[in-house]
$ cat query16.txt   # compact mmCIF, C-alpha atoms
# COMPACT_ATOMS: atom_id res chain seq x y z
CA MET A 1 3.10 -12.66 -31.43
CA PRO A 2 1.31 -15.64 -29.85
CA VAL A 3 -1.29 -15.15 -27.20
CA ALA A 4 0.06 -15.96 -23.74
CA ARG A 5 -1.75 -18.86 -22.13
CA LEU A 6 -2.96 -18.89 -18.54
CA PRO A 7 -2.46 -21.94 -16.35
CA LEU A 8 -6.10 -23.09 -16.33
CA SER A 9 -7.68 -25.83 -14.26
CA ARG A 10 -10.49 -28.06 -15.43
CA PRO A 11 -13.47 -25.87 -16.43
CA GLY A 12 -15.87 -25.29 -13.57
CA THR A 13 -13.35 -25.92 -10.78
CA ASP A 14 -12.04 -22.38 -10.22
CA PRO A 15 -14.28 -19.30 -10.67
CA VAL A 16 -11.31 -16.98 -11.18
CA ARG A 17 -9.75 -19.14 -13.84
CA ARG A 18 -13.14 -19.84 -15.40
CA ARG A 19 -13.66 -16.09 -15.81
CA LEU A 20 -10.19 -15.63 -17.29
CA LEU A 21 -10.75 -18.56 -19.67
CA LYS A 22 -14.02 -17.03 -20.81
CA ALA A 23 -12.22 -13.76 -21.43
CA LEU A 24 -9.48 -15.42 -23.45
CA LEU A 25 -11.84 -17.48 -25.58
CA GLY A 26 -14.74 -15.10 -25.96
CA ALA A 27 -13.40 -11.54 -26.05
CA PRO A 28 -11.60 -9.79 -28.91
CA LEU A 29 -7.83 -9.64 -28.65
CA ALA A 30 -5.80 -6.48 -28.63
CA ALA A 31 -3.06 -6.50 -31.22
CA GLY A 32 -0.25 -8.73 -30.01
CA GLY A 33 -1.66 -9.02 -26.50
CA LEU A 34 -3.84 -10.84 -24.04
CA ALA A 35 -7.57 -10.93 -24.03
CA GLY A 36 -9.32 -8.48 -21.75
CA CYS A 37 -11.94 -9.21 -19.18
CA GLY A 38 -14.43 -6.88 -17.61
CA HIS A 39 -17.17 -4.68 -18.99
CA ASP A 40 -17.92 -4.97 -22.72
CA GLU A 41 -14.40 -4.85 -24.12
CA GLY A 42 -14.18 -2.59 -27.14
CA THR A 43 -17.75 -1.29 -26.72
CA PRO A 44 -18.00 2.48 -26.21
CA VAL A 45 -19.41 3.42 -22.83
CA GLU A 46 -20.40 6.90 -23.98
CA ASN A 47 -20.51 8.60 -27.34
CA GLY A 48 -17.27 10.44 -27.94
CA PRO A 49 -14.88 11.90 -28.35
CA ILE A 50 -14.04 11.94 -24.61
CA THR A 51 -10.84 13.08 -22.94
CA LEU A 52 -10.31 12.05 -19.32
CA SER A 53 -7.76 13.72 -17.09
CA VAL A 54 -5.76 11.30 -14.93
CA PHE A 55 -3.43 12.27 -12.06
CA TRP A 56 -1.19 10.13 -9.86
CA TYR A 57 2.03 10.31 -7.86
CA GLY A 58 5.12 8.17 -8.35
CA GLY A 59 8.31 7.91 -10.35
CA THR A 60 9.08 7.53 -14.03
CA LYS A 61 8.63 3.74 -13.99
CA ARG A 62 5.13 4.02 -12.54
CA ALA A 63 4.32 6.66 -15.13
CA ALA A 64 5.47 4.49 -18.03
CA LEU A 65 3.53 1.45 -16.82
CA THR A 66 0.36 3.41 -16.08
CA GLU A 67 0.40 5.14 -19.44
CA LYS A 68 0.88 1.78 -21.14
CA ALA A 69 -2.23 0.42 -19.41
CA LEU A 70 -4.26 3.50 -20.34
CA LYS A 71 -3.17 3.16 -23.96
CA LEU A 72 -4.52 -0.39 -23.93
CA TYR A 73 -7.90 0.97 -22.87
CA ALA A 74 -7.81 3.64 -25.56
CA ALA A 75 -7.02 1.01 -28.19
CA ARG A 76 -10.25 -0.78 -27.28
CA ASN A 77 -12.22 2.44 -26.93
CA PRO A 78 -10.99 4.78 -29.68
CA GLN A 79 -13.45 7.49 -28.66
CA VAL A 80 -11.65 7.86 -25.30
CA GLY A 81 -8.35 9.67 -24.84
CA PHE A 82 -6.35 10.59 -21.74
CA ARG A 83 -4.60 13.69 -20.52
CA VAL A 84 -2.17 12.38 -17.92
CA THR A 85 -0.28 14.25 -15.21
CA TRP A 86 1.99 12.76 -12.58
CA GLN A 87 4.56 13.92 -10.08
CA ASP A 88 6.47 12.89 -6.95
CA ARG A 89 4.44 12.42 -3.80
CA VAL A 90 5.86 15.62 -2.29
CA GLY A 91 3.37 18.37 -3.16
CA TYR A 92 0.91 15.97 -4.77
CA TYR A 93 -1.89 16.42 -2.27
CA GLU A 94 -1.41 20.18 -2.12
CA ARG A 95 -1.87 20.32 -5.88
CA LEU A 96 -4.87 17.99 -5.80
CA ALA A 97 -6.48 20.02 -3.00
CA THR A 98 -6.07 23.21 -5.02
CA GLN A 99 -7.70 21.59 -8.05
CA ALA A 100 -10.58 20.21 -5.96
CA ALA A 101 -11.17 23.58 -4.30
CA GLY A 102 -11.39 25.18 -7.74
CA GLY A 103 -13.88 22.61 -8.98
CA ASN A 104 -11.51 21.22 -11.59
CA ALA A 105 -10.15 18.05 -10.03
CA PRO A 106 -9.02 15.34 -12.47
CA ASP A 107 -11.62 12.83 -13.64
CA LEU A 108 -9.54 9.96 -12.24
CA PHE A 109 -6.83 10.23 -9.62
CA GLN A 110 -4.80 8.32 -7.08
CA LEU A 111 -5.31 8.52 -3.30
CA ASP A 112 -3.89 6.69 -0.31
CA ASP A 113 -5.66 5.70 2.87
CA ALA A 114 -4.41 8.74 4.79
CA ILE A 115 -6.68 10.99 2.76
CA LEU A 116 -9.48 8.79 1.40
CA THR A 117 -11.98 9.45 4.20
CA GLU A 118 -11.37 13.19 4.18
CA TYR A 119 -12.00 13.44 0.44
CA ALA A 120 -15.11 11.28 0.73
CA GLU A 121 -16.55 13.41 3.55
CA ARG A 122 -15.83 16.58 1.60
CA GLU A 123 -17.96 15.12 -1.24
CA ILE A 124 -15.07 15.29 -3.69
CA LEU A 125 -15.26 11.60 -4.61
CA LEU A 126 -17.78 9.92 -6.86
CA ASP A 127 -19.79 7.17 -5.15
CA LEU A 128 -19.01 4.08 -7.23
CA GLY A 129 -21.50 1.88 -5.39
CA GLY A 130 -24.05 1.82 -8.19
CA TYR A 131 -21.45 0.59 -10.66
CA VAL A 132 -20.38 -2.12 -8.19
CA ALA A 133 -23.98 -3.16 -7.60
CA ASP A 134 -24.70 -3.80 -11.28
CA HIS A 135 -21.20 -5.20 -11.96
CA ARG A 136 -20.17 -2.53 -14.41
CA LEU A 137 -17.37 -2.16 -11.88
CA ASP A 138 -16.62 -5.76 -10.98
CA LEU A 139 -14.87 -6.23 -7.64
CA GLY A 140 -15.73 -9.92 -7.38
CA GLU A 141 -12.15 -11.14 -7.73
CA LEU A 142 -10.72 -8.79 -5.09
CA PRO A 143 -10.28 -10.00 -1.51
CA PRO A 144 -13.37 -8.86 0.43
CA GLY A 145 -11.20 -6.97 2.94
CA LEU A 146 -9.57 -5.06 0.12
CA VAL A 147 -12.98 -4.00 -1.18
CA ARG A 148 -14.07 -2.94 2.30
CA TYR A 149 -10.95 -0.84 2.72
CA GLY A 150 -12.21 1.41 -0.08
CA GLU A 151 -15.58 2.05 1.57
CA VAL A 152 -16.43 5.13 3.63
CA ASP A 153 -19.88 5.38 5.27
CA ASP A 154 -21.01 2.34 3.25
CA ARG A 155 -20.08 4.03 -0.02
CA THR A 156 -17.48 2.65 -2.42
CA VAL A 157 -15.29 5.70 -2.98
CA GLY A 158 -12.00 4.05 -3.89
CA VAL A 159 -10.89 0.89 -5.67
CA ALA A 160 -7.54 -0.61 -4.73
CA ALA A 161 -4.92 0.03 -7.39
CA ALA A 162 -2.88 -2.77 -5.81
CA GLN A 163 -2.39 -4.63 -2.55
CA THR A 164 0.67 -4.47 -0.32
CA SER A 165 1.87 -5.64 3.08
CA ALA A 166 3.72 -3.90 5.87
CA ALA A 167 7.09 -5.60 5.59
CA LEU A 168 10.37 -5.96 7.37
CA VAL A 169 13.15 -5.39 4.82
CA TYR A 170 16.40 -6.94 5.98
CA ASN A 171 19.96 -7.26 4.71
CA ARG A 172 20.35 -10.95 3.92
CA SER A 173 24.00 -10.56 2.88
CA LEU A 174 24.91 -8.94 6.19
CA LEU A 175 23.12 -11.55 8.28
CA ARG A 176 24.91 -14.35 6.46
CA LYS A 177 28.22 -12.62 7.10
CA LEU A 178 27.37 -12.22 10.79
CA ARG A 179 25.97 -15.79 10.97
CA VAL A 180 22.73 -14.54 12.50
CA PRO A 181 19.46 -16.23 11.46
CA GLU A 182 17.10 -14.23 9.29
CA PRO A 183 13.99 -12.75 10.93
CA ARG A 184 10.84 -14.73 10.25
CA THR A 185 7.20 -13.94 9.75
CA GLY A 186 5.31 -14.58 12.98
CA MET A 187 7.99 -13.43 15.44
CA SER A 188 6.54 -11.58 18.42
CA TRP A 189 7.59 -7.98 18.86
CA GLN A 190 9.74 -8.92 21.85
CA GLU A 191 11.35 -11.77 19.91
CA TYR A 192 12.14 -9.28 17.18
CA VAL A 193 13.77 -6.85 19.63
CA ASP A 194 15.83 -9.74 21.05
CA TRP A 195 16.86 -10.70 17.52
CA ALA A 196 17.92 -7.11 16.77
CA GLN A 197 20.03 -6.97 19.91
CA ARG A 198 21.74 -10.18 18.82
CA VAL A 199 22.55 -8.62 15.44
CA THR A 200 24.05 -5.53 17.07
CA ARG A 201 26.26 -7.68 19.30
CA ALA A 202 27.37 -9.86 16.37
CA ALA A 203 28.29 -6.71 14.43
CA GLY A 204 30.32 -5.35 17.33
CA GLY A 205 28.06 -2.31 17.47
CA ARG A 206 29.05 -1.18 13.97
CA VAL A 207 25.52 -1.91 12.69
CA ALA A 208 22.32 -1.82 14.72
CA GLY A 209 19.83 -4.62 14.45
CA THR A 210 16.79 -2.56 13.49
CA MET A 211 15.31 0.79 12.68
CA ASP A 212 13.34 2.25 15.60
CA PRO A 213 9.64 2.17 14.51
CA SER A 214 8.19 3.83 17.60
CA GLY A 215 6.99 6.74 15.43
CA ASP A 216 5.69 4.50 12.62
CA ASP A 217 1.89 4.40 12.59
CA ARG A 218 1.90 1.14 10.61
CA ALA A 219 3.94 -0.59 13.30
CA LEU A 220 1.86 0.83 16.14
CA TRP A 221 -1.38 -0.16 14.41
CA LEU A 222 -0.27 -3.77 13.91
CA TRP A 223 1.07 -3.98 17.47
CA LEU A 224 -2.32 -2.76 18.73
CA ARG A 225 -4.27 -5.19 16.56
CA ALA A 226 -2.19 -8.08 17.89
CA LYS A 227 -3.46 -7.09 21.35
CA GLY A 228 -7.09 -6.76 20.30
CA SER A 229 -7.14 -2.96 19.91
CA GLU A 230 -7.23 -0.68 16.86
CA LEU A 231 -5.60 2.58 15.90
CA TYR A 232 -9.09 4.05 15.47
CA GLN A 233 -12.62 3.30 16.54
CA GLY A 234 -14.79 5.32 14.22
CA ARG A 235 -13.63 8.92 14.41
CA ARG A 236 -11.73 8.49 17.68
CA LEU A 237 -8.53 6.81 18.78
CA GLY A 238 -9.00 3.12 19.45
CA PHE A 239 -6.40 2.71 22.19
CA SER A 240 -5.53 4.12 25.59
CA ALA A 241 -2.68 6.26 26.87
CA GLY A 242 -1.47 3.23 28.81
CA GLU A 243 -1.22 1.14 25.64
CA LEU A 244 0.73 3.88 23.88
CA ALA A 245 3.06 4.19 26.87
CA ASN A 246 3.71 0.45 26.68
CA TRP A 247 4.58 0.82 23.00
CA PHE A 248 7.04 3.63 23.72
CA GLU A 249 8.46 1.63 26.62
CA LEU A 250 9.12 -1.38 24.38
CA TRP A 251 11.33 0.76 22.17
CA ARG A 252 12.95 2.59 25.08
CA ARG A 253 14.17 -0.78 26.35
CA ALA A 254 15.22 -1.75 22.82
CA ARG A 255 17.36 1.39 22.56
CA ALA A 256 18.86 0.73 25.98
CA GLY A 257 19.79 -2.76 24.82
CA GLY A 258 21.46 -1.49 21.64
CA ALA A 259 18.86 -2.88 19.25
CA THR A 260 18.42 0.45 17.44
CA PRO A 261 20.80 3.20 16.27
CA GLY A 262 21.00 6.72 17.68
CA ALA A 263 18.16 9.23 17.55
CA ALA A 264 19.75 11.35 14.80
CA LEU A 265 19.97 8.41 12.37
CA VAL A 266 16.41 7.32 13.11
CA GLU A 267 15.08 10.84 12.59
CA ARG A 268 16.80 11.07 9.22
CA ALA A 269 15.22 7.81 8.07
CA GLU A 270 11.68 8.58 9.28
CA SER A 271 10.86 10.49 6.10
CA GLY A 272 10.41 7.13 4.38
CA GLU A 273 12.65 8.19 1.49
CA PRO A 274 14.16 4.92 0.16
CA ALA A 275 17.70 6.24 -0.16
CA ARG A 276 17.68 7.17 3.54
CA GLN A 277 16.39 3.87 4.88
CA LEU A 278 18.88 2.48 7.37
CA VAL A 279 18.85 -0.96 5.78
CA VAL A 280 20.36 0.52 2.60
CA THR A 281 22.64 3.11 4.24
CA GLY A 282 24.29 0.33 6.24
CA HIS A 283 23.29 1.62 9.67
CA ALA A 284 20.79 -1.14 10.47
CA ALA A 285 20.19 -4.73 9.44
CA ALA A 286 16.47 -4.15 9.02
CA SER A 287 14.00 -1.36 8.23
CA PHE A 288 10.21 -1.14 8.06
CA ALA A 289 8.59 -0.48 4.68
CA TRP A 290 5.88 -1.57 2.29
CA ALA A 291 6.59 -4.83 0.48
CA ASN A 292 6.20 -3.20 -2.94
CA GLN A 293 9.09 -0.84 -2.11
CA LEU A 294 11.61 -3.68 -2.12
CA PRO A 295 12.78 -3.18 -5.75
CA GLU A 296 13.37 0.52 -5.14
CA LEU A 297 15.25 -0.16 -1.89
CA GLN A 298 17.32 -2.85 -3.59
CA ARG A 299 18.54 -0.33 -6.16
CA HIS A 300 20.28 1.58 -3.36
CA THR A 301 22.50 -1.26 -2.17
CA ARG A 302 24.65 -4.04 -3.59
CA ASP A 303 23.75 -6.32 -0.70
CA GLU A 304 20.85 -8.72 -1.15
CA LEU A 305 17.68 -7.57 0.59
CA ALA A 306 14.83 -9.85 1.62
CA LEU A 307 11.40 -9.59 3.22
CA ALA A 308 9.42 -10.86 6.16
CA ALA A 309 6.13 -9.61 7.51
CA PHE A 310 6.10 -7.11 10.36
CA PRO A 311 6.54 -8.75 13.78
CA GLY A 312 3.42 -10.04 15.46
CA PRO A 313 0.79 -12.48 14.19
CA PRO A 314 0.10 -12.23 10.44
CA GLY A 315 -3.59 -11.96 11.29
CA ALA A 316 -2.95 -8.47 12.65
CA GLN A 317 -2.43 -7.39 9.03
CA TRP A 318 -5.24 -6.99 6.53
CA ALA A 319 -5.62 -6.73 2.78
CA ARG A 320 -4.27 -3.21 2.47
CA ALA A 321 -4.33 -0.92 -0.52
CA PRO A 322 -1.18 1.18 -0.85
CA MET A 323 -3.28 3.49 -3.00
CA TYR A 324 -6.68 3.67 -4.65
CA TRP A 325 -8.18 4.80 -7.90
CA ALA A 326 -10.89 7.36 -7.17
CA ALA A 327 -13.16 9.41 -9.43
CA TYR A 328 -14.06 13.08 -9.15
CA ARG A 329 -17.69 13.62 -8.20
CA GLY A 330 -17.91 16.46 -10.71
CA THR A 331 -16.65 14.47 -13.70
CA ARG A 332 -18.74 14.89 -16.82
CA HIS A 333 -18.08 11.25 -17.76
CA PRO A 334 -18.79 9.10 -14.70
CA ASP A 335 -19.69 5.98 -16.72
CA THR A 336 -16.44 6.12 -18.65
CA VAL A 337 -14.34 6.76 -15.56
CA ALA A 338 -15.94 3.77 -13.83
CA ASP A 339 -15.25 1.67 -16.93
CA VAL A 340 -11.58 2.70 -16.92
CA ILE A 341 -11.28 1.70 -13.25
CA ASN A 342 -12.92 -1.61 -14.10
CA PHE A 343 -10.43 -2.12 -16.93
CA LEU A 344 -7.41 -1.33 -14.76
CA THR A 345 -8.77 -3.73 -12.12
CA ASN A 346 -9.89 -6.68 -14.24
CA ASN A 347 -8.12 -6.66 -17.58
CA ILE A 348 -5.36 -9.25 -17.86
CA GLU A 349 -3.24 -7.29 -20.31
CA ALA A 350 -3.53 -4.13 -18.22
CA GLY A 351 -2.52 -6.13 -15.16
CA ALA A 352 0.50 -7.48 -16.96
CA ALA A 353 1.45 -3.95 -18.05
CA LEU A 354 1.11 -2.51 -14.54
CA GLY A 355 3.07 -5.37 -12.99
CA ASN A 356 3.79 -5.11 -9.26
CA GLU A 357 5.12 -1.56 -9.18
CA ARG A 358 2.32 -0.31 -6.92
CA GLY A 359 2.01 -3.68 -5.20
CA VAL A 360 0.54 -7.02 -6.22
CA ASN A 361 -2.52 -6.87 -8.46
CA PRO A 362 -5.79 -6.48 -6.50
CA ASN A 363 -7.49 -9.07 -8.73
CA LEU A 364 -6.49 -12.51 -7.37
CA GLY A 365 -6.60 -14.26 -10.73
CA ILE A 366 -4.50 -11.62 -12.47
CA ARG A 367 -2.17 -11.55 -9.46
CA ARG A 368 -1.41 -15.25 -9.91
CA TYR A 369 -0.86 -14.78 -13.63
CA VAL A 370 1.53 -11.84 -13.14
CA ARG A 371 3.46 -13.68 -10.41
CA ALA A 372 3.86 -16.76 -12.62
CA ASN A 373 5.43 -14.59 -15.31
CA LEU A 374 7.76 -12.48 -13.15
CA THR A 375 11.39 -12.57 -14.23
CA ASP A 376 12.78 -10.04 -11.73
CA PRO A 377 13.88 -11.97 -8.61
CA VAL A 378 13.40 -8.92 -6.37
CA GLN A 379 9.80 -8.42 -7.49
CA HIS A 380 9.30 -12.15 -7.07
CA ARG A 381 10.31 -11.90 -3.39
CA ALA A 382 7.68 -9.22 -2.79
CA ALA A 383 5.02 -11.25 -4.61
CA THR A 384 5.96 -14.36 -2.64
CA LEU A 385 5.39 -12.57 0.67
CA ALA A 386 1.97 -11.40 -0.51
CA GLU A 387 1.10 -14.96 -1.53
CA ALA A 388 2.27 -16.35 1.83
CA LEU A 389 0.06 -13.91 3.73
CA THR A 390 -3.05 -14.25 1.56
CA ASN A 391 -4.86 -16.74 3.79
CA GLU A 392 -3.46 -15.37 7.06
CA LEU A 393 -4.80 -11.82 6.96
CA GLY A 394 -7.32 -10.54 9.48
CA PRO A 395 -10.45 -8.46 8.87
CA ALA A 396 -9.97 -5.00 7.43
CA PRO A 397 -10.72 -1.98 9.59
CA SER A 398 -12.38 1.08 8.15
CA PRO A 399 -10.03 3.49 6.36
CA PRO A 400 -8.48 6.01 8.76
CA PRO A 401 -10.74 8.96 9.64
CA LYS A 402 -10.24 12.56 8.62
CA GLY A 403 -7.29 13.93 10.59
CA HIS A 404 -5.18 10.78 10.22
CA ALA A 405 -2.37 12.65 8.48
CA ARG A 406 -2.08 15.00 11.49
CA VAL A 407 -2.20 12.08 13.93
CA ARG A 408 0.54 10.34 11.99
CA ALA A 409 2.72 13.46 12.14
CA LEU A 410 2.05 13.81 15.87
CA LEU A 411 3.21 10.25 16.44
CA VAL A 412 6.50 10.93 14.66
CA THR A 413 7.07 14.09 16.70
CA THR A 414 6.12 12.47 20.01
CA ALA A 415 8.25 9.38 19.45
CA GLY A 416 11.18 11.63 18.55
CA ALA A 417 10.81 13.54 21.80
CA VAL A 418 10.81 10.30 23.80
CA ARG A 419 13.76 8.95 21.84
CA SER A 420 15.87 12.04 22.56
CA GLY A 421 14.94 12.06 26.24
CA ARG A 422 13.13 15.40 26.11
CA ILE A 423 9.99 13.92 27.64
CA SER A 424 9.06 10.87 29.70
CA VAL A 425 7.16 7.95 28.23
CA ARG A 426 4.03 8.53 30.34
CA THR A 427 3.91 12.28 29.73
CA ALA A 428 4.45 11.75 26.01
CA ALA A 429 1.60 9.26 25.80
CA SER A 430 -0.85 11.51 27.67
CA ARG A 431 0.09 14.56 25.62
CA PHE A 432 -0.23 12.64 22.35
CA MET A 433 -3.72 11.42 23.24
CA ALA A 434 -4.95 14.95 23.90
CA GLN A 435 -3.38 16.37 20.74
CA ALA A 436 -4.58 13.49 18.56
CA ASP A 437 -8.15 13.78 19.88
CA ALA A 438 -8.08 17.45 18.95
CA ALA A 439 -6.76 16.67 15.48
CA LEU A 440 -9.54 14.15 14.87
CA ALA A 441 -12.21 16.51 16.13
CA GLY A 442 -10.98 19.45 14.08
$ encode --input "query16.txt" --output "structure tokens"
Amino acid sequence: MPVARLPLSRPGTDPVRRRLLKALLGAPLAAGGLAGCGHDEGTPVENGPITLSVFWYGGTKRAALTEKALKLYAARNPQVGFRVTWQDRVGYYERLATQAAGGNAPDLFQLDDAILTEYAEREILLDLGGYVADHRLDLGELPPGLVRYGEVDDRTVGVAAAQTSAALVYNRSLLRKLRVPEPRTGMSWQEYVDWAQRVTRAAGGRVAGTMDPSGDDRALWLWLRAKGSELYQGRRLGFSAGELANWFELWRRARAGGATPGAALVERAESGEPARQLVVTGHAAASFAWANQLPELQRHTRDELALAAFPGPPGAQWARAPMYWAAYRGTRHPDTVADVINFLTNNIEAGAALGNERGVNPNLGIRRYVRANLTDPVQHRAATLAEALTNELGPAPSPPPKGHARVRALLVTTAGAVRSGRISVRTAASRFMAQADAALAG
């Protein structure tokens, strides 16, 4: 099998491509594959044999791709083997917490930003900063904001497994049938609400224009950033009760204008389960999701789905990791675990194996290579959005503080109460602030 060739510029003109060229020309090739880049390919990090336990959440496709990438590492490092475990997201963190409490957490595992800070503060995570400092863990080809988003208290405790964007997923087939223009990246939130009302009118009320995101922390966070605020400032909320009331009021008016469906439908879709998203059940022309979820959402409908960024200025978004690779502080093989993370981050063949299932590759050079070789048009749409936003993103905030998961659940509950009319906008906002402050302090 011939070695795949990267689209390389003239040597010396592009540091990413220069590094990839060096890897292709100077490193040993895996059988039938691409050259690897990163730390001492094929050179044992520790004397073996070593077996690392690896744990992540996701479906069968993610499992197959991840295991393929780990096998590539094992082929280069025969003294290292892997004991892999994976499951659905439901129950994942409960299981991981039990393992951590018993002192037997996996050597390498997957986290998302809702829990990263908590695990770092509980001293469960290995500080990878030393490996980053001496380039055994090379983060040089990751966007700086993506690197920062894995740091807690100036310690590198997580490395992005991918990058994703908060995305508006819309039914292109339906909009063409209704002769309504597609939503566009850069629309203001009010323009988006007006667009959704237009869709509802064009559909004769049979389909609503949009999912109601008033309980979606991603949407609230980006809306706040567009106004110069943040969801958090350190370990406290970064916005006022008045700002939250304005957010709830925006969506109260949207509901009154018919832009969103009824409360019962919205509540059913708030779980985030792809099969329940209103854009695939036919109840709304658009839903809010992560860009990397597009292929899974597309599998639930025959209509063509497409993507735009969340409403608001693209600069309100940042280079966001949908999940991280993190190492257990108590691992007996920290050097090897760091080397595996480096391999998953910087090896071209591993990047090709992982594809865009978790999101686009965190390494910009590998990301371009994978995108150039995509054959799935749905994955290509997600990769295209990521590429379009690359130079538009704003600075990354710190990862959410401990208690974020409870704050997120409170927002869902509070927005639901407003939506159903059980509580006024102002009362809901004041009550949320008090409850969220308590959750963050606890």
$ atom_distance --input "query16.txt" --atom1 "CA of Ala434 (chain A)" --atom2 "CA of Ile115 (chain A)"
21.6 Å
$ atom_distance --input "query16.txt" --atom1 "CA of Ile348 (chain A)" --atom2 "CA of Pro144 (chain A)"
20.0 Å
$ axis_aligned_box --input "query16.txt" --around "region 125-138 of chain A" --padding-each-side "6 Å" --output "lines of an AutoDock Vina configuration file"
center_x = -20.0
center_y = 2.9
center_z = -9.5
size_x = 21.4
size_y = 29.4
size_z = 21.8
$ closest_residue --input "query16.txt" --among "A:Val147, A:Leu72, A:Ala160, A:Thr60" --to "Ala326 (chain A)" --atoms "all atoms listed in the file"
A:Ala160
$ closest_atom_pairs --input "query16.txt" --of "region 216-258 of chain A" --to "region 391-412 of chain A" --cutoff "8 Å" --atoms "all atoms listed in the file" --output "JSON lines"
{"residue": "A:Asp216", "atom": "CA", "partner": "A:Val412", "partner_atom": "CA", "distance": 6.8}
{"residue": "A:Asp217", "atom": "CA", "partner": "A:Arg408", "partner_atom": "CA", "distance": 6.1}
{"residue": "A:Tyr232", "atom": "CA", "partner": "A:Pro400", "partner_atom": "CA", "distance": 7.0}
{"residue": "A:Gly234", "atom": "CA", "partner": "A:Pro401", "partner_atom": "CA", "distance": 7.1}
{"residue": "A:Arg235", "atom": "CA", "partner": "A:Pro401", "partner_atom": "CA", "distance": 5.6}
$ residues_around --input "query16.txt" --residues "Ala321 (chain A)" --least-positions-apart "5" --cutoff "7 Å" --atoms "only C-alpha atoms" --output "MDAnalysis selection string"
chainID A and resid 146 160:164
$ closest_atom_pairs --input "query16.txt" --of "region 266-323 of chain A" --to "region 168-181 of chain A" --cutoff "9 Å" --atoms "all atoms listed in the file" --output "CSV"
residue,atom,partner,partner_atom,distance
A:Val279,CA,A:Tyr170,CA,6.5
A:Val280,CA,A:Asn171,CA,8.1
A:Gly282,CA,A:Asn171,CA,8.9
A:Ala284,CA,A:Asn171,CA,8.4
A:Ala285,CA,A:Asn171,CA,5.4
A:Ala286,CA,A:Tyr170,CA,4.1
A:Ser287,CA,A:Val169,CA,5.3
A:Phe288,CA,A:Leu168,CA,4.9
A:Ala289,CA,A:Leu168,CA,6.4
A:Trp290,CA,A:Leu168,CA,8.1
A:Ala291,CA,A:Val169,CA,7.9
A:Leu294,CA,A:Val169,CA,7.3
A:Leu297,CA,A:Val169,CA,8.8
A:Asp303,CA,A:Ser173,CA,5.6
A:Glu304,CA,A:Ser173,CA,5.4
A:Leu305,CA,A:Asn171,CA,4.7
A:Ala306,CA,A:Tyr170,CA,5.5
A:Leu307,CA,A:Val169,CA,4.8
A:Ala308,CA,A:Leu168,CA,5.1
A:Ala309,CA,A:Leu168,CA,5.6
A:Phe310,CA,A:Leu168,CA,5.3
A:Pro311,CA,A:Leu168,CA,8.0
$ residues_near_point --input "query16.txt" --point "(14.3, -12.9, -6.3)" --cutoff "12 Å" --atoms "all atoms listed in the file" --output "PyMOL selection string"
chain A and resi 294-295+298+304-307+371+374-385
$ residues_around --input "query16.txt" --residues "Arg155 (chain A)" --least-positions-apart "5" --cutoff "9 Å" --atoms "all atoms listed in the file" --output "list in words"
Ala120, Asp127, Leu128, Gly129 and Gly150 of chain A
$ closest_residue --input "query16.txt" --among "A:Asn246, A:Leu354, A:Val425, A:Asn342" --to "Asp138 (chain A)" --atoms "all atoms listed in the file"
A:Asn342
$ residues_around --input "query16.txt" --residues "Arg225 (chain A)" --least-positions-apart "2" --cutoff "12 Å" --atoms "all atoms listed in the file" --output "PDB file with C-alpha atoms, keeping the file's coordinate frame"
ATOM      1  CA  ARG A 218       1.900   1.140  10.610  1.00  0.00           C
ATOM      2  CA  ALA A 219       3.940  -0.590  13.300  1.00  0.00           C
ATOM      3  CA  LEU A 220       1.860   0.830  16.140  1.00  0.00           C
ATOM      4  CA  TRP A 221      -1.380  -0.160  14.410  1.00  0.00           C
ATOM      5  CA  LEU A 222      -0.270  -3.770  13.910  1.00  0.00           C
ATOM      6  CA  TRP A 223       1.070  -3.980  17.470  1.00  0.00           C
ATOM      7  CA  LYS A 227      -3.460  -7.090  21.350  1.00  0.00           C
ATOM      8  CA  GLY A 228      -7.090  -6.760  20.300  1.00  0.00           C
ATOM      9  CA  SER A 229      -7.140  -2.960  19.910  1.00  0.00           C
ATOM     10  CA  GLU A 230      -7.230  -0.680  16.860  1.00  0.00           C
ATOM     11  CA  LEU A 231      -5.600   2.580  15.900  1.00  0.00           C
ATOM     12  CA  TYR A 232      -9.090   4.050  15.470  1.00  0.00           C
ATOM     13  CA  GLN A 233     -12.620   3.300  16.540  1.00  0.00           C
ATOM     14  CA  GLY A 238      -9.000   3.120  19.450  1.00  0.00           C
ATOM     15  CA  PHE A 239      -6.400   2.710  22.190  1.00  0.00           C
ATOM     16  CA  GLU A 243      -1.220   1.140  25.640  1.00  0.00           C
ATOM     17  CA  PRO A 311       6.540  -8.750  13.780  1.00  0.00           C
ATOM     18  CA  GLY A 312       3.420 -10.040  15.460  1.00  0.00           C
ATOM     19  CA  PRO A 313       0.790 -12.480  14.190  1.00  0.00           C
ATOM     20  CA  PRO A 314       0.100 -12.230  10.440  1.00  0.00           C
ATOM     21  CA  GLY A 315      -3.590 -11.960  11.290  1.00  0.00           C
ATOM     22  CA  ALA A 316      -2.950  -8.470  12.650  1.00  0.00           C
ATOM     23  CA  GLN A 317      -2.430  -7.390   9.030  1.00  0.00           C
ATOM     24  CA  TRP A 318      -5.240  -6.990   6.530  1.00  0.00           C
ATOM     25  CA  LEU A 393      -4.800 -11.820   6.960  1.00  0.00           C
ATOM     26  CA  GLY A 394      -7.320 -10.540   9.480  1.00  0.00           C
ATOM     27  CA  PRO A 395     -10.450  -8.460   8.870  1.00  0.00           C
ATOM     28  CA  ALA A 396      -9.970  -5.000   7.430  1.00  0.00           C
ATOM     29  CA  PRO A 397     -10.720  -1.980   9.590  1.00  0.00           C
TER      30      PRO A 397
END
